[in-house]
Amino acid sequence: MIELKSPAEIARMHVTGQFIAEVLDELSARAAVGVNLVDLELHARRMIEERGAVSCYWDYSPSFGRGPFRNVICLSVNDAVLHGLPKSYVLQDGDLLTMDIAVGIDGWVADSAVSIIVGTPRDEDQRLIRATEVALEAAIDAARVGNRLGDISASIGEVAADFGYTCNLEFGGHGLGRTMHEAPHVANNGRRGHGMKLKPGLTIAIEPWLAATTDKIIFDEDGWTLRSADGSRTAHSEHTVAITADGPLVLTRRRSEKAVTSTVANSDGLG
């Protein structure tokens with residue numbers, strides 16, 4: 001069942017979303033060469049505790065994971081793209097780090113992810129991250145009353161194809177609000193004009209993720225971390241978005257976030 005949220009409920013989700021944005025901004029600033037992933041996890045825990053928020057990841061036990069997830073953030077490095085289990089790993093120069101976090105405040109949830117480069121960037125990694133960011137903005141722009149769910153999914157797939165990447169459809173976006181995962185599923189590729197009609201009050205996490213040279217993924221030995229099947233680099237961008245009569249409202253927009261155009265005219269992603 002899909003629950004449409006009232007403007008007051010969306011406002012409460014926005015409070016949660018802005019806290020998540022603060023966490024990701026602070027962790028992005030802290031992620032540097034020589035920093036251990038465990039330190040980033042512990043800092044996120046402190047921020048959540050001090051805010052009185054509740055982690056949606058702690059004790060999360062889906063069918064695909066190995067036991068309950070006992071961390072508050074997913075930290076995925078290089079060829080790891082989803083559900084990265086924080087572990088003792090010291091960030092190296094040029095690492096591509098994805099941070100994904102979902103929390104609830106006063107019963108209302110938001111979810112967001114960002115990929116960054118630690119230290120010296122590689123052009124191909126910058127291009128990969130940019131592709132996910134452009135795809136996300138295109139999908140957000142399609143999240144309008146009267147459009148259909150397939151318009152959001154198609155926007156992601158079209159941008160990915162223009163950049164020369166292919167989309168995996170095993171994991172994608174989702175509804176959220178009172179819990180981390182609600183209906184509907186938001187695939188990272190689809191057909192325009194298909195799927196449910198978008199109505200005011202629908203709140204969804206849109207999360208394009210890509211691997212450089214494959215659309216296949218494998219599980220790490222830890223039972224949680226998902227990696228590209230061929231070991232190529234990966235990137236993931238995600239925002240929580242509310243569909244309103246006035247257009248899409250991004251609830252997790254970060255202050256540090258640079259404007260990203262939804263056009264792919266400069267599809268080399270480096271300009």
# chains A, B, ... in the order shown; residues from 1 in each chain; ligands from 1
>>> residues_around(residues="stretch 101-114 of chain A", least_positions_apart="5", cutoff="6 Å", atoms="only C-alpha atoms", output="PyMOL selection string")
chain A and resi 13+16-17+53-56+73+177-178+237-240
>>> select_by_dssp(residues="stretch 102-138 of chain A", states="strand (DSSP E)", output="list in words")
Ala102, Val103, Gly104, Ile105, Trp108, Val109, Ala110, Asp111, Ser112, Ala113, Val114, Ser115, Ile116 and Ile117 of chain A
>>> write_last_selection(atoms="N, CA, C and O atoms", output="short mmCIF file (atom, residue, chain, number, x, y, z; two decimals), in the first residue's frame")
data_model
loop_
_atom_site.label_atom_id
_atom_site.label_comp_id
_atom_site.auth_asym_id
_atom_site.auth_seq_id
_atom_site.Cartn_x
_atom_site.Cartn_y
_atom_site.Cartn_z
N ALA A 102 20.40 6.37 6.46
CA ALA A 102 18.97 6.60 6.66
C ALA A 102 18.71 6.64 8.16
O ALA A 102 19.17 5.77 8.90
N VAL A 103 17.98 7.65 8.61
CA VAL A 103 17.62 7.75 10.02
C VAL A 103 16.17 8.22 10.14
O VAL A 103 15.58 8.72 9.18
N GLY A 104 15.64 8.06 11.34
CA GLY A 104 14.33 8.58 11.65
C GLY A 104 14.41 9.57 12.80
O GLY A 104 15.21 9.41 13.72
N ILE A 105 13.62 10.63 12.72
CA ILE A 105 13.50 11.61 13.81
C ILE A 105 12.01 11.79 14.09
O ILE A 105 11.24 12.12 13.17
N TRP A 108 9.79 9.92 11.60
CA TRP A 108 9.79 10.21 10.16
C TRP A 108 11.19 10.02 9.60
O TRP A 108 12.17 10.54 10.12
N VAL A 109 11.26 9.30 8.49
CA VAL A 109 12.52 8.79 7.94
C VAL A 109 12.93 9.55 6.68
O VAL A 109 12.08 9.99 5.90
N ALA A 110 14.23 9.67 6.48
CA ALA A 110 14.80 10.14 5.21
C ALA A 110 16.07 9.33 4.93
O ALA A 110 16.63 8.70 5.83
N ASP A 111 16.52 9.36 3.69
CA ASP A 111 17.58 8.48 3.22
C ASP A 111 18.37 9.22 2.14
O ASP A 111 17.77 9.87 1.27
N SER A 112 19.70 9.14 2.19
CA SER A 112 20.51 9.83 1.19
C SER A 112 21.87 9.18 1.07
O SER A 112 22.36 8.54 2.01
N ALA A 113 22.51 9.35 -0.08
CA ALA A 113 23.85 8.82 -0.31
C ALA A 113 24.64 9.78 -1.18
O ALA A 113 24.07 10.50 -2.02
N VAL A 114 25.96 9.78 -0.99
CA VAL A 114 26.85 10.60 -1.79
C VAL A 114 28.14 9.84 -2.03
O VAL A 114 28.60 9.08 -1.17
N SER A 115 28.71 10.02 -3.21
CA SER A 115 30.02 9.46 -3.52
C SER A 115 31.03 10.59 -3.65
O SER A 115 30.75 11.62 -4.28
N ILE A 116 32.20 10.40 -3.05
CA ILE A 116 33.26 11.40 -3.09
C ILE A 116 34.58 10.72 -3.41
O ILE A 116 34.71 9.49 -3.28
N ILE A 117 35.55 11.51 -3.80
CA ILE A 117 36.90 11.00 -4.04
C ILE A 117 37.81 11.52 -2.94
O ILE A 117 37.81 12.71 -2.62
#
>>> atom_distance(atom1="atom CA of A:Cys74", atom2="atom CA of A:Val250")
21.1 Å
>>> residues_around(residues="A:Thr120", least_positions_apart="2", cutoff="9 Å", atoms="only C-alpha atoms", output="MDAnalysis selection string")
chainID A and resid 93:95 117:118 122
>>> residues_around(residues="stretch 209-225 of chain A", least_positions_apart="6", cutoff="10 Å", atoms="only C-alpha atoms", output="ChimeraX atom specification")
/A:64-69,74-87,113,115,124-125,127-129,131-133,135-136,156,160,164-173,188,231-238
>>> closest_residue(among="A:Lys199, A:Glu257, A:Glu158, A:Glu207", to="A:Ser6", atoms="only C-alpha atoms")
A:Lys199
>>> atom_distance(atom1="atom CA of A:Gly150", atom2="atom CA of A:Pro7")
24.3 Å
>>> closest_residue(among="A:Phe19, A:Thr98, A:Asp151, A:Thr244", to="A:Gly52", atoms="only C-alpha atoms")
A:Phe19
>>> closest_residue(among="A:Gly146, A:Leu37, A:Glu137, A:Ala44", to="A:Ala21", atoms="only C-alpha atoms")
A:Ala44
>>> closest_residue(among="A:Met1, A:Ala245, A:Ala161, A:Leu226", to="A:Leu198", atoms="only C-alpha atoms")
A:Ala245
>>> residues_around(residues="A:Trp58", least_positions_apart="6", cutoff="7 Å", atoms="only C-alpha atoms", output="JSON, numbers by chain")
{"A": [69, 70, 71, 72]}
>>> atom_distance(atom1="atom CA of A:Ala29", atom2="atom CA of A:Leu91")
13.3 Å
>>> closest_residue(among="A:Gln18, A:Leu4, A:Glu9, A:Pro184", to="A:Arg254", atoms="only C-alpha atoms")
A:Gln18
>>> closest_residue(among="A:Leu97, A:Ile2, A:Met47, A:Val241", to="A:Gln126", atoms="only C-alpha atoms")
A:Leu97
